[in-house]
Each structure stands twice: as C-alpha cells, then as structure tokens.
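Visitor: Next comes protein_18.pdb, PDB, C-alpha atoms:
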```pdb
ATOM      1  CA  MET A  62      71.083-167.600  -2.519
ATOM      2  CA  ASP A  63      69.034-166.148  -5.378
ATOM      3  CA  LEU A  64      70.778-166.405  -8.783
ATOM      4  CA  SER A  65      67.599-166.324 -10.853
ATOM      5  CA  MET A  66      66.984-164.409 -14.094
ATOM      6  CA  ASN A  67      70.607-164.193 -15.199
ATOM      7  CA  GLN A  68      72.274-165.534 -18.327
ATOM      8  CA  PHE A  69      74.042-168.514 -16.707
ATOM      9  CA  SER A  70      74.697-171.294 -19.206
ATOM     10  CA  ASN A  71      76.464-174.673 -19.362
ATOM     11  CA  GLY A  72      75.867-177.047 -16.473
ATOM     12  CA  ILE A  73      75.581-176.805 -12.692
ATOM     13  CA  PRO A  74      79.108-177.457 -11.336
ATOM     14  CA  ARG A  75      79.619-180.651  -9.345
ATOM     15  CA  GLU A  76      81.451-178.657  -6.691
ATOM     16  CA  ILE A  77      78.116-177.185  -5.591
ATOM     17  CA  GLY A  78      77.716-180.233  -3.368
ATOM     18  CA  GLY A  79      80.235-178.663  -1.009
ATOM     19  CA  LEU A  80      77.668-176.046   0.083
ATOM     20  CA  LYS A  81      76.332-178.279   2.826
ATOM     21  CA  ASN A  82      74.880-175.452   4.934
ATOM     22  CA  LEU A  83      73.111-173.610   2.099
ATOM     23  CA  ALA A  84      69.333-173.560   2.735
ATOM     24  CA  HIS A  85      67.951-171.566  -0.224
ATOM     25  CA  LEU A  86      69.067-171.841  -3.860
ATOM     26  CA  SER A  87      67.173-170.350  -6.812
ATOM     27  CA  LEU A  88      68.549-170.785 -10.352
ATOM     28  CA  ARG A  89      65.275-170.264 -12.226
ATOM     29  CA  HIS A  90      65.044-168.358 -15.507
ATOM     30  CA  ASN A  91      68.606-168.997 -16.706
ATOM     31  CA  LYS A  92      70.072-170.987 -19.614
ATOM     32  CA  LEU A  93      71.510-173.902 -17.661
ATOM     33  CA  GLN A  94      72.020-177.144 -19.577
ATOM     34  CA  VAL A  95      73.312-180.700 -19.119
ATOM     35  CA  ALA A  96      72.031-182.728 -16.139
ATOM     36  CA  ILE A  97      71.412-182.129 -12.434
ATOM     37  CA  PRO A  98      74.650-183.239 -10.701
ATOM     38  CA  ASN A  99      74.365-186.078  -8.164
ATOM     39  CA  SER A 100      76.541-184.017  -5.842
ATOM     40  CA  MET A 101      73.505-181.828  -5.012
ATOM     41  CA  SER A 102      72.378-184.634  -2.715
ATOM     42  CA  ASP A 103      75.312-183.662  -0.453
ATOM     43  CA  MET A 104      73.690-180.259   0.229
ATOM     44  CA  VAL A 105      72.110-181.620   3.402
ATOM     45  CA  GLY A 106      70.929-178.211   4.650
ATOM     46  CA  LEU A 107      68.971-177.413   1.486
ATOM     47  CA  GLU A 108      65.309-176.479   2.081
ATOM     48  CA  PHE A 109      64.446-174.588  -1.145
ATOM     49  CA  LEU A 110      65.662-175.511  -4.642
ATOM     50  CA  ASP A 111      64.250-173.894  -7.814
ATOM     51  CA  LEU A 112      65.673-175.024 -11.187
ATOM     52  CA  SER A 113      62.640-174.058 -13.295
ATOM     53  CA  HIS A 114      62.748-172.308 -16.704
ATOM     54  CA  ASN A 115      66.111-173.628 -17.896
ATOM     55  CA  ASN A 116      67.314-176.151 -20.499
ATOM     56  CA  ILE A 117      68.398-178.831 -18.040
ATOM     57  CA  SER A 118      68.254-182.337 -19.528
ATOM     58  CA  GLY A 119      68.765-185.870 -18.245
ATOM     59  CA  ILE A 120      67.076-187.485 -15.265
ATOM     60  CA  ILE A 121      66.277-186.182 -11.799
ATOM     61  CA  PRO A 122      68.859-187.857  -9.513
ATOM     62  CA  LYS A 123      67.259-190.353  -7.169
ATOM     63  CA  SER A 124      69.905-189.362  -4.644
ATOM     64  CA  LEU A 125      67.910-186.143  -3.992
ATOM     65  CA  GLU A 126      65.603-188.292  -1.854
ATOM     66  CA  LYS A 127      68.332-188.092   0.832
ATOM     67  CA  LEU A 128      67.697-184.359   1.362
ATOM     68  CA  GLN A 129      65.685-184.580   4.568
ATOM     69  CA  ASN A 130      65.182-180.815   4.885
ATOM     70  CA  LEU A 131      63.998-180.163   1.322
ATOM     71  CA  LYS A 132      60.524-178.585   1.372
ATOM     72  CA  TYR A 133      60.401-176.961  -2.093
ATOM     73  CA  PHE A 134      61.784-178.348  -5.356
ATOM     74  CA  ASN A 135      60.722-176.915  -8.742
ATOM     75  CA  ALA A 136      62.049-178.527 -11.957
ATOM     76  CA  SER A 137      59.331-177.329 -14.370
ATOM     77  CA  PHE A 138      59.986-175.923 -17.860
ATOM     78  CA  ASN A 139      63.119-177.958 -18.626
ATOM     79  CA  LYS A 140      64.051-180.951 -20.800
ATOM     80  CA  LEU A 141      64.096-183.620 -18.114
ATOM     81  CA  TYR A 142      63.032-187.215 -18.696
ATOM     82  CA  GLY A 143      62.860-190.496 -16.825
ATOM     83  CA  GLU A 144      61.307-191.376 -13.488
ATOM     84  CA  ILE A 145      60.450-188.709 -10.911
ATOM     85  CA  PRO A 146      61.914-189.809  -7.527
ATOM     86  CA  SER A 147      59.113-190.268  -5.021
ATOM     87  CA  GLY A 148      61.001-191.092  -1.848
ATOM     88  CA  GLY A 149      61.860-188.882   1.092
ATOM     89  CA  LEU A 150      60.282-185.441   1.144
ATOM     90  CA  LEU A 151      59.932-185.439  -2.673
ATOM     91  CA  LYS A 152      56.741-187.476  -2.314
ATOM     92  CA  ASN A 153      54.991-184.398  -0.890
ATOM     93  CA  LEU A 154      55.630-182.201  -3.951
ATOM     94  CA  SER A 155      52.891-180.982  -6.288
ATOM     95  CA  SER A 156      52.678-182.051  -9.939
ATOM     96  CA  GLN A 157      53.032-178.408 -11.087
ATOM     97  CA  PHE A 158      56.726-178.522 -10.155
ATOM     98  CA  PHE A 159      57.429-181.029 -12.971
ATOM     99  CA  ILE A 160      55.301-179.749 -15.873
ATOM    100  CA  TYR A 161      56.600-178.867 -19.350
ATOM    101  CA  ASN A 162      59.486-181.344 -19.530
ATOM    102  CA  GLU A 163      60.568-183.831 -22.192
ATOM    103  CA  ALA A 164      59.300-187.202 -20.975
ATOM    104  CA  LEU A 165      58.995-187.534 -17.215
ATOM    105  CA  CYS A 166      57.194-190.549 -15.806
ATOM    106  CA  GLY A 167      56.398-191.987 -12.403
ATOM    107  CA  SER A 168      53.651-191.836  -9.812
ATOM    108  CA  SER A 169      50.184-190.723 -10.915
ATOM    109  CA  ARG A 170      50.125-188.045  -8.214
ATOM    110  CA  PHE A 171      52.637-186.115 -10.345
ATOM    111  CA  SER A 172      50.196-186.133 -13.298
ATOM    112  CA  VAL A 173      52.678-187.989 -15.518
ATOM    113  CA  PRO A 174      52.357-191.383 -17.285
ATOM    114  CA  PRO A 175      53.709-194.450 -15.493
ATOM    115  CA  CYS A 176      57.206-195.542 -16.390
ATOM    116  CA  PRO A 177      57.211-198.430 -18.929
ATOM    117  CA  THR A 178      58.490-201.428 -16.976
ATOM    118  CA  SER A 179      56.407-204.271 -18.444
ATOM    119  CA  SER A 180      53.901-205.128 -21.163
ATOM    120  CA  LYS A 181      51.123-204.860 -18.597
ATOM    121  CA  HIS A 182      52.112-201.319 -17.803
ATOM    122  CA  LYS A 183      52.246-200.520 -21.518
ATOM    123  CA  SER A 184      48.724-201.849 -21.930
ATOM    124  CA  ASN A 185      47.502-199.780 -18.991
ATOM    125  CA  ARG A 186      49.225-196.738 -20.439
ATOM    126  CA  LYS A 187      47.395-197.176 -23.748
ATOM    127  CA  LYS A 188      44.080-197.455 -21.916
ATOM    128  CA  LEU A 189      44.922-194.327 -19.956
ATOM    129  CA  LEU A 190      45.796-192.431 -23.145
ATOM    130  CA  VAL A 191      42.494-193.500 -24.752
ATOM    131  CA  LEU A 192      40.623-192.379 -21.640
ATOM    132  CA  PHE A 193      42.397-189.005 -21.644
ATOM    133  CA  LEU A 194      41.647-188.643 -25.367
ATOM    134  CA  LEU A 195      37.944-189.306 -24.836
ATOM    135  CA  LEU A 196      37.827-186.948 -21.873
ATOM    136  CA  GLY A 197      39.652-184.314 -23.899
ATOM    137  CA  ILE A 198      37.183-184.618 -26.772
ATOM    138  CA  ALA A 199      34.264-184.384 -24.341
ATOM    139  CA  ALA A 200      35.858-181.406 -22.622
ATOM    140  CA  VAL A 201      36.073-179.608 -25.977
ATOM    141  CA  VAL A 202      32.786-180.665 -27.572
ATOM    142  CA  VAL A 203      30.474-180.112 -24.595
ATOM    143  CA  PRO A 204      31.662-176.586 -23.690
ATOM    144  CA  SER A 205      31.894-175.665 -27.388
ATOM    145  CA  THR A 206      28.298-176.742 -27.988
ATOM    146  CA  PHE A 207      27.167-174.817 -24.941
ATOM    147  CA  ILE A 208      29.088-171.691 -26.019
ATOM    148  CA  VAL A 209      27.640-171.801 -29.553
ATOM    149  CA  LEU A 210      24.084-172.131 -28.246
ATOM    150  CA  TRP A 211      24.695-169.405 -25.670
ATOM    151  CA  ILE A 212      26.105-166.965 -28.260
ATOM    152  CA  ARG A 213      23.186-167.572 -30.613
ATOM    153  CA  TYR A 214      20.739-167.009 -27.755
ATOM    154  CA  ARG A 215      22.443-163.795 -26.664
ATOM    155  CA  ARG A 216      23.031-162.419 -30.184
ATOM    156  CA  GLY A 217      22.264-158.726 -30.470
ATOM    157  CA  LYS A 218      22.969-158.030 -26.788
ATOM    158  CA  SER A 219      26.691-157.316 -26.899
ATOM    159  CA  ALA A 220      26.903-155.575 -23.554
ATOM    160  CA  LEU A 221      25.246-158.449 -21.726
ATOM    161  CA  GLN A 222      27.407-160.905 -23.652
ATOM    162  CA  GLN A 223      30.535-159.262 -22.260
ATOM    163  CA  ASP A 224      29.266-159.402 -18.663
ATOM    164  CA  ASP A 225      28.221-163.047 -18.993
ATOM    165  CA  SER A 226      31.555-163.945 -20.568
ATOM    166  CA  LEU A 227      33.409-162.378 -17.658
ATOM    167  CA  SER A 228      31.135-164.217 -15.222
ATOM    168  CA  THR A 229      31.952-167.509 -16.943
ATOM    169  CA  VAL A 230      35.690-166.818 -16.696
ATOM    170  CA  ALA A 231      35.399-165.752 -13.042
ATOM    171  CA  LYS A 232      33.813-169.089 -12.105
ATOM    172  CA  GLU A 233      36.734-170.986 -13.627
ATOM    173  CA  ARG A 234      40.126-171.428 -12.004
ATOM    174  CA  ILE A 235      42.713-169.651 -14.155
ATOM    175  CA  SER A 236      46.108-171.199 -13.444
ATOM    176  CA  TYR A 237      49.488-169.514 -13.467
ATOM    177  CA  TYR A 238      50.428-171.418 -16.621
ATOM    178  CA  GLU A 239      47.201-170.411 -18.394
ATOM    179  CA  LEU A 240      48.062-166.759 -17.676
ATOM    180  CA  LEU A 241      51.579-167.275 -19.048
ATOM    181  CA  ARG A 242      50.074-168.763 -22.216
ATOM    182  CA  ALA A 243      47.459-166.008 -22.495
ATOM    183  CA  THR A 244      50.082-163.234 -22.272
ATOM    184  CA  ASP A 245      52.792-165.051 -24.275
ATOM    185  CA  VAL A 246      54.895-165.442 -21.102
ATOM    186  CA  LEU A 247      54.342-161.781 -20.114
ATOM    187  CA  SER A 248      55.730-160.593 -23.433
ATOM    188  CA  GLU A 249      56.750-156.974 -23.830
ATOM    189  CA  SER A 250      54.494-156.817 -26.888
ATOM    190  CA  ASN A 251      51.489-157.397 -24.589
ATOM    191  CA  LEU A 252      52.549-154.809 -21.996
ATOM    192  CA  ILE A 253      49.842-152.161 -21.596
ATOM    193  CA  VAL A 254      51.424-150.019 -18.905
ATOM    194  CA  SER A 255      54.009-150.279 -16.118
ATOM    195  CA  GLY A 256      53.888-148.626 -12.701
ATOM    196  CA  SER A 257      56.156-148.418  -9.674
ATOM    197  CA  PHE A 258      55.437-151.957  -8.476
ATOM    198  CA  VAL A 259      52.936-153.388 -10.957
ATOM    199  CA  SER A 260      52.778-154.070 -14.684
ATOM    200  CA  VAL A 261      49.609-154.666 -16.710
ATOM    201  CA  TYR A 262      49.566-157.069 -19.668
ATOM    202  CA  LYS A 263      46.932-157.850 -22.286
ATOM    203  CA  GLY A 264      46.004-161.530 -22.631
ATOM    204  CA  VAL A 265      43.622-163.875 -24.428
ATOM    205  CA  LEU A 266      42.266-166.971 -22.680
ATOM    206  CA  ARG A 267      41.686-170.254 -24.510
ATOM    207  CA  ILE A 268      37.944-169.481 -24.750
ATOM    208  CA  GLY A 269      38.758-166.249 -26.593
ATOM    209  CA  THR A 270      38.089-163.792 -23.752
ATOM    210  CA  PHE A 271      40.416-160.781 -23.593
ATOM    211  CA  ILE A 272      41.751-159.981 -20.131
ATOM    212  CA  ALA A 273      44.129-157.551 -18.451
ATOM    213  CA  VAL A 274      46.646-159.177 -16.097
ATOM    214  CA  LYS A 275      47.953-156.912 -13.344
ATOM    215  CA  VAL A 276      51.275-158.420 -12.162
ATOM    216  CA  PHE A 277      52.831-157.303  -8.868
ATOM    217  CA  ASN A 278      56.605-156.892  -8.491
ATOM    218  CA  LEU A 279      57.270-159.121  -5.477
ATOM    219  CA  GLN A 280      60.769-157.722  -5.059
ATOM    220  CA  LEU A 281      59.110-154.752  -3.325
ATOM    221  CA  ASP A 282      57.449-155.270   0.077
ATOM    222  CA  VAL A 283      54.696-152.769  -0.717
ATOM    223  CA  ALA A 284      53.499-155.057  -3.529
ATOM    224  CA  PHE A 285      52.471-157.783  -1.056
ATOM    225  CA  LYS A 286      50.370-155.366   1.009
ATOM    226  CA  SER A 287      48.813-153.828  -2.094
ATOM    227  CA  PHE A 288      47.900-157.244  -3.510
ATOM    228  CA  ASP A 289      46.233-158.360  -0.260
ATOM    229  CA  THR A 290      44.343-155.074   0.038
ATOM    230  CA  GLU A 291      43.081-155.116  -3.533
ATOM    231  CA  CYS A 292      42.033-158.774  -3.264
ATOM    232  CA  GLU A 293      40.006-157.907  -0.163
ATOM    233  CA  VAL A 294      38.412-154.674  -1.358
ATOM    234  CA  LEU A 295      38.005-154.674  -5.150
ATOM    235  CA  PRO A 296      35.876-157.837  -5.634
ATOM    236  CA  SER A 297      33.243-156.411  -3.277
ATOM    237  CA  LEU A 298      32.933-153.093  -5.149
ATOM    238  CA  ARG A 299      30.225-152.639  -7.774
ATOM    239  CA  HIS A 300      30.385-149.468  -9.867
ATOM    240  CA  ARG A 301      30.085-148.732 -13.570
ATOM    241  CA  ASN A 302      33.324-146.692 -13.532
ATOM    242  CA  LEU A 303      35.444-149.457 -11.983
ATOM    243  CA  VAL A 304      37.219-152.105 -14.015
ATOM    244  CA  LYS A 305      35.779-155.510 -13.081
ATOM    245  CA  VAL A 306      38.011-157.927 -11.168
ATOM    246  CA  ILE A 307      37.560-161.426 -12.608
ATOM    247  CA  THR A 308      39.842-163.463 -10.337
ATOM    248  CA  SER A 309      43.340-163.572  -8.885
ATOM    249  CA  CYS A 310      46.355-165.877  -9.033
ATOM    250  CA  SER A 311      48.891-166.272  -6.237
ATOM    251  CA  ASN A 312      51.880-168.528  -5.544
ATOM    252  CA  LEU A 313      55.345-168.142  -4.045
ATOM    253  CA  ASP A 314      56.818-166.290  -7.029
ATOM    254  CA  PHE A 315      53.809-164.705  -8.698
ATOM    255  CA  LYS A 316      50.811-162.597  -7.665
ATOM    256  CA  ASP A 317      48.361-160.972 -10.015
ATOM    257  CA  LEU A 318      44.798-159.760 -10.526
ATOM    258  CA  VAL A 319      42.870-160.765 -13.639
ATOM    259  CA  LEU A 320      40.781-157.813 -14.800
ATOM    260  CA  GLU A 321      38.292-156.970 -17.512
ATOM    261  CA  TYR A 322      40.157-155.780 -20.605
ATOM    262  CA  MET A 323      39.188-152.296 -21.838
ATOM    263  CA  PRO A 324      39.911-152.311 -25.610
ATOM    264  CA  ASN A 325      39.583-148.530 -26.030
ATOM    265  CA  GLY A 326      42.454-147.804 -23.666
ATOM    266  CA  SER A 327      42.500-145.222 -20.909
ATOM    267  CA  LEU A 328      40.632-141.925 -20.640
ATOM    268  CA  GLU A 329      44.009-140.174 -20.365
ATOM    269  CA  LYS A 330      44.727-141.034 -24.015
ATOM    270  CA  TYR A 331      41.653-139.127 -25.158
ATOM    271  CA  LEU A 332      42.095-136.171 -22.810
ATOM    272  CA  TYR A 333      45.773-135.403 -23.391
ATOM    273  CA  SER A 334      46.621-136.762 -26.854
ATOM    274  CA  ASP A 335      46.420-134.733 -30.088
ATOM    275  CA  ASN A 336      45.539-137.883 -32.024
ATOM    276  CA  TYR A 337      42.275-138.698 -30.224
ATOM    277  CA  PHE A 338      39.158-136.576 -29.786
ATOM    278  CA  LEU A 339      35.884-136.837 -27.867
ATOM    279  CA  ASP A 340      32.640-135.197 -28.947
ATOM    280  CA  ILE A 341      30.656-132.949 -26.582
ATOM    281  CA  LYS A 342      28.149-135.660 -25.647
ATOM    282  CA  THR A 343      30.886-138.146 -24.721
ATOM    283  CA  LYS A 344      32.763-135.533 -22.679
ATOM    284  CA  HIS A 345      29.550-134.711 -20.813
ATOM    285  CA  ASN A 346      28.876-138.390 -20.046
ATOM    286  CA  ASP A 347      32.469-138.899 -18.891
ATOM    287  CA  ARG A 348      32.263-135.953 -16.483
ATOM    288  CA  CYS A 349      29.000-137.283 -15.063
ATOM    289  CA  GLY A 350      30.589-140.700 -14.649
ATOM    290  CA  MET A 351      33.585-139.243 -12.836
ATOM    291  CA  CYS A 352      31.250-137.474 -10.424
ATOM    292  CA  PHE A 353      29.565-140.784  -9.615
ATOM    293  CA  GLY A 354      32.898-142.599  -9.266
ATOM    294  CA  ILE A 355      34.787-140.005  -7.236
ATOM    295  CA  SER A 356      34.362-142.081  -4.066
ATOM    296  CA  SER A 357      36.207-145.001  -5.705
ATOM    297  CA  PRO A 358      39.191-143.413  -7.520
ATOM    298  CA  TRP A 359      40.845-146.553  -8.888
ATOM    299  CA  VAL A 360      41.338-147.008 -12.622
ATOM    300  CA  LEU A 361      43.286-149.520 -14.639
ATOM    301  CA  ALA A 362      45.308-146.933 -16.538
ATOM    302  CA  ALA A 363      46.802-145.550 -13.329
ATOM    303  CA  CYS A 364      48.103-149.008 -12.457
ATOM    304  CA  ASP A 365      48.952-148.217  -8.861
ATOM    305  CA  PRO A 366      46.165-147.909  -6.274
ATOM    306  CA  LEU A 367      45.679-144.297  -5.217
TER     307      LEU A 367
END
```
Please express the file's structure as structure tokens.

Guide:
Amino acid sequence: MDLSMNQFSNGIPREIGGLKNLAHLSLRHNKLQVAIPNSMSDMVGLEFLDLSHNNISGIIPKSLEKLQNLKYFNASFNKLYGEIPSGGLLKNLSSQFFIYNEALCGSSRFSVPPCPTSSKHKSNRKKLLVLFLLLGIAAVVVPSTFIVLWIRYRRGKSALQQDDSLSTVAKERISYYELLRATDVLSESNLIVSGSFVSVYKGVLRIGTFIAVKVFNLQLDVAFKSFDTECEVLPSLRHRNLVKVITSCSNLDFKDLVLEYMPNGSLEKYLYSDNYFLDIKTKHNDRCGMCFGISSPWVLAACDPL
C-alpha cells in the first residue's frame, strides 16, 4: 500500500495494527505527527515500512522488534528521539534510515551517540564528541589547504580547472542526501528542464562545484531501463560535444545521473529565441561540432535519450 506524497496529517491511527496481512506500507513525504503507535507491532506480515519525511515525534517502539518479516524500515527526516531498537531484524538496518531526527541514540552501527545510561557513558560520549570535532576540523582544513594551493597553481587555466574539478568530484562518493542539499531538496527554483520521465536540476556541492542532476521518474518502467543503459554507455564515451557524466546515485526510491553543469544553457535557446544571438564565427564552430558529434546525439537540453 503506497500512500506517499499526500497531505496526510495528525497521527497514524492505532487501528492500523489490525492489518496483519499487509506486507508493504509507504507513508513517506506526508505531514504525519505524534508518535509511532505500538499497535504497528501487530502487523506481523509487514515486510516494508517507510515513514520518512514526516513530522513524527516520540520514540521508536521497541515492540517493532517482534516483526519477524520486516526487511525495510525507514524513519529518516522526522523528529524522533530516544533509543533505536536493535533487536530482531532491525539490527540489520543501515544508519541512513535514521538520519535527520531530533535526538536518536543507540548502537554505534547506526551512526548515533550512545544513550546516556551512566557517568561512564557520558564521559565516553564527551571523548567521542572531541574526537569527531578534531576529525571534522582536519577534514575541513586539509582539503581546504589543498584546494587553495591547487587553485593558485592552476590560476589562468580556467578550462583545465573545470576538468580537474569535475575529476575531483567524480572520485568522491556523492550521497543521496548531499544531492538533496545541493539542489535544495529538488526545488522547483532549481529545475532546468523536465522531460517525459526525467527532470534535470541545477545544484551546488559543498566544495562549490556546480552540477546538473538528472532525476529519473521511477513510477515509469522505461525510466529503469534508461537509467541502466545510460550508466553503462555514457561514462565510456569521450567527446567534446557530450556533457560529462560525473557519477550516479541509486537506491530503492531514487536514481539519478550527476552531470557537468553547462552555465550558458542549451543551444536551442540561442537558435530559436529572439533574445539571444550568435555571431558568424560561433555559428560556424557549432555546425562543425555538430558534424563531429552526429554519431552521439545525446545532449542535456533534450533530457530524454534519443
């Protein structure tokens, strides 16, 4: 049962526990509040439960450990606090399913601080915070120093700077949450263009690099095939008329390609708009470039692969 991306508010009704044979329940991207009802532990057939991107508060019921068939549980982007249950099948969950909450604590494998149960634990928590602070400072200072030296060394070579910057980004792992931050949660204000099953957004990474994020609409089956095909083919292509593919991001609910951002927009804007003009030399160079690129007719502005 997929009830995601609606305007549901208030709390999850306790009567939901009566759906004992329900296997799939998605309530993500709503406005649900209050706490997760304990009665959800009676949904013994539940295998998939997504409560992410709501305003749910309170603790995660320990009774959910009784769900022996639960394979996927996402409670990220809420206002939950307290200990994360680690018994039953919940112990196999990834830390990303609990991020961006109020004050969750528990096992270190969930990337949260330990729950304060004694003075010894408090002391260990302080040491851990100091360690994280030092690592955070080092993580900022060392790359920043390297970037400053690199920019000074490459000053005056703007074209090569852009290629090297993209290479640096490509070597890093860009997470789903970094892409959400870079595009302001796929804001309409960052939308460049929208096609039949993809949308392209402008984004800025933490290191200041501009990117174009091509997001596939997974509600259409053709999007899955297109994503797999583009991931297989595009990274191996090398041509001056092709937009560079930096990396990709893929999970159960999200698939995208991270591309080089072209600040001047598409060629279509200059060919068919009365507000933009190209001189003779530029038109000549563009026609020559199209002749070279005719064997690889994929451009960002078109959005959909041809």

Visitor: Report the distance between atom CA of Leu247 of chain A and atom CA of Asp282 of chain A in Å, rounded to one decimal place.

Guide: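 The value is 21.4 Å.
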
Visitor: Hey, what comes out of the PyMOL selection byres ((chain A and resi 313) around 12) on this file? Could you write it as a PyMOL selection string?

Guide: chain A and resi 109+111+133+135+237+279-280+285+310-312+314-317

Visitor: What does the PyMOL selection byres ((chain A and resi 78) around 6) select in this file, as a list of chain:residue names?

Guide: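 This file, filtered by the PyMOL selection byres ((chain A and resi 78) around 6), leaves A:Glu76, A:Ile77, A:Gly79, A:Leu80, A:Ser100, A:Met101, A:Asp103, A:Met104.
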
Visitor: For Met66 of chain A, work out the shell of residues within 8 Å, counting all atoms listed in the file and skipping chain neighbours fewer than 5 positions away, then give it as a PDB file with C-alpha atoms, in the frame of the given file.

Guide:
```pdb
ATOM      1  CA  LEU A  88      68.549-170.785 -10.352  1.00  0.00           C
ATOM      2  CA  ARG A  89      65.275-170.264 -12.226  1.00  0.00           C
ATOM      3  CA  HIS A  90      65.044-168.358 -15.507  1.00  0.00           C
ATOM      4  CA  ASN A  91      68.606-168.997 -16.706  1.00  0.00           C
TER       5      ASN A  91
END
```

Visitor: Compile the contact shell of Leu112 of chain A as a count of residues only: residues with an atom at most 10 Å away, counting all atoms listed in the file, same-chain residues fewer than 2 positions apart removed.

Guide: 21

Visitor: To one decimal place in Å, what is the distance between atom CA of Lys305 of chain A and atom CA of Glu321 of chain A?

Guide: 5.3 Å

Visitor: Work out how far apart atom CA of Asn278 of chain A and atom CA of Val259 of chain A are and give it in Å to one decimal.

Guide: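 A separation of 5.6 Å between them.
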
Visitor: Please provide as a ChimeraX atom specification all residues within 10 Å of segment 263-265 of chain A, with the sequence filter that same-chain residues fewer than 6 positions apart are discarded (counting all atoms listed in the file).

Guide: /A:239-254,271-275,319-324

Visitor: Quick one: of A:Ser309, A:Lys127, A:Lys132, A:Cys292, who's nearest to Gly149 of chain A, counting all atoms listed in the file?

Guide: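 Going through A:Ser309, A:Lys127, A:Lys132, A:Cys292 one by one, the smallest distance to Gly149 of chain A is for A:Lys127.
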
Visitor: Please evaluate the PyMOL selection byres ((chain A and resi 95) around 6) against the displayed coordinates and give the resulting residues as a PyMOL selection string.

Guide: chain A and resi 72+94+96+117-118

Visitor: Residues of the last selection are to be written out with C-alpha atoms, as an mmCIF file, in the frame of the given file.

Guide:
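What follows is the written file out.cif:
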```
data_model
loop_
_atom_site.group_PDB
_atom_site.id
_atom_site.type_symbol
_atom_site.label_atom_id
_atom_site.label_comp_id
_atom_site.auth_asym_id
_atom_site.auth_seq_id
_atom_site.Cartn_x
_atom_site.Cartn_y
_atom_site.Cartn_z
ATOM 1 C CA GLY A 72 75.867 -177.047 -16.473
ATOM 2 C CA GLN A 94 72.020 -177.144 -19.577
ATOM 3 C CA ALA A 96 72.031 -182.728 -16.139
ATOM 4 C CA ILE A 117 68.398 -178.831 -18.040
ATOM 5 C CA SER A 118 68.254 -182.337 -19.528
#
```

Visitor: Return the single residue from A:Val173, A:Val261, A:Ala84, A:Leu154 that is closest to Asn130 of chain A, with distances computed using all atoms listed in the file.

Guide: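 Going through A:Val173, A:Val261, A:Ala84, A:Leu154 one by one, the smallest distance to Asn130 of chain A is for A:Ala84.
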
Visitor: Given the point (40.4, -157.4, -9.0) in the file's coordinates, find the residues that have an atom at most 6 Å from it, counting only C-alpha atoms, and give them as an MDAnalysis selection string.

Guide: chainID A and resid 295:296 306 318 320
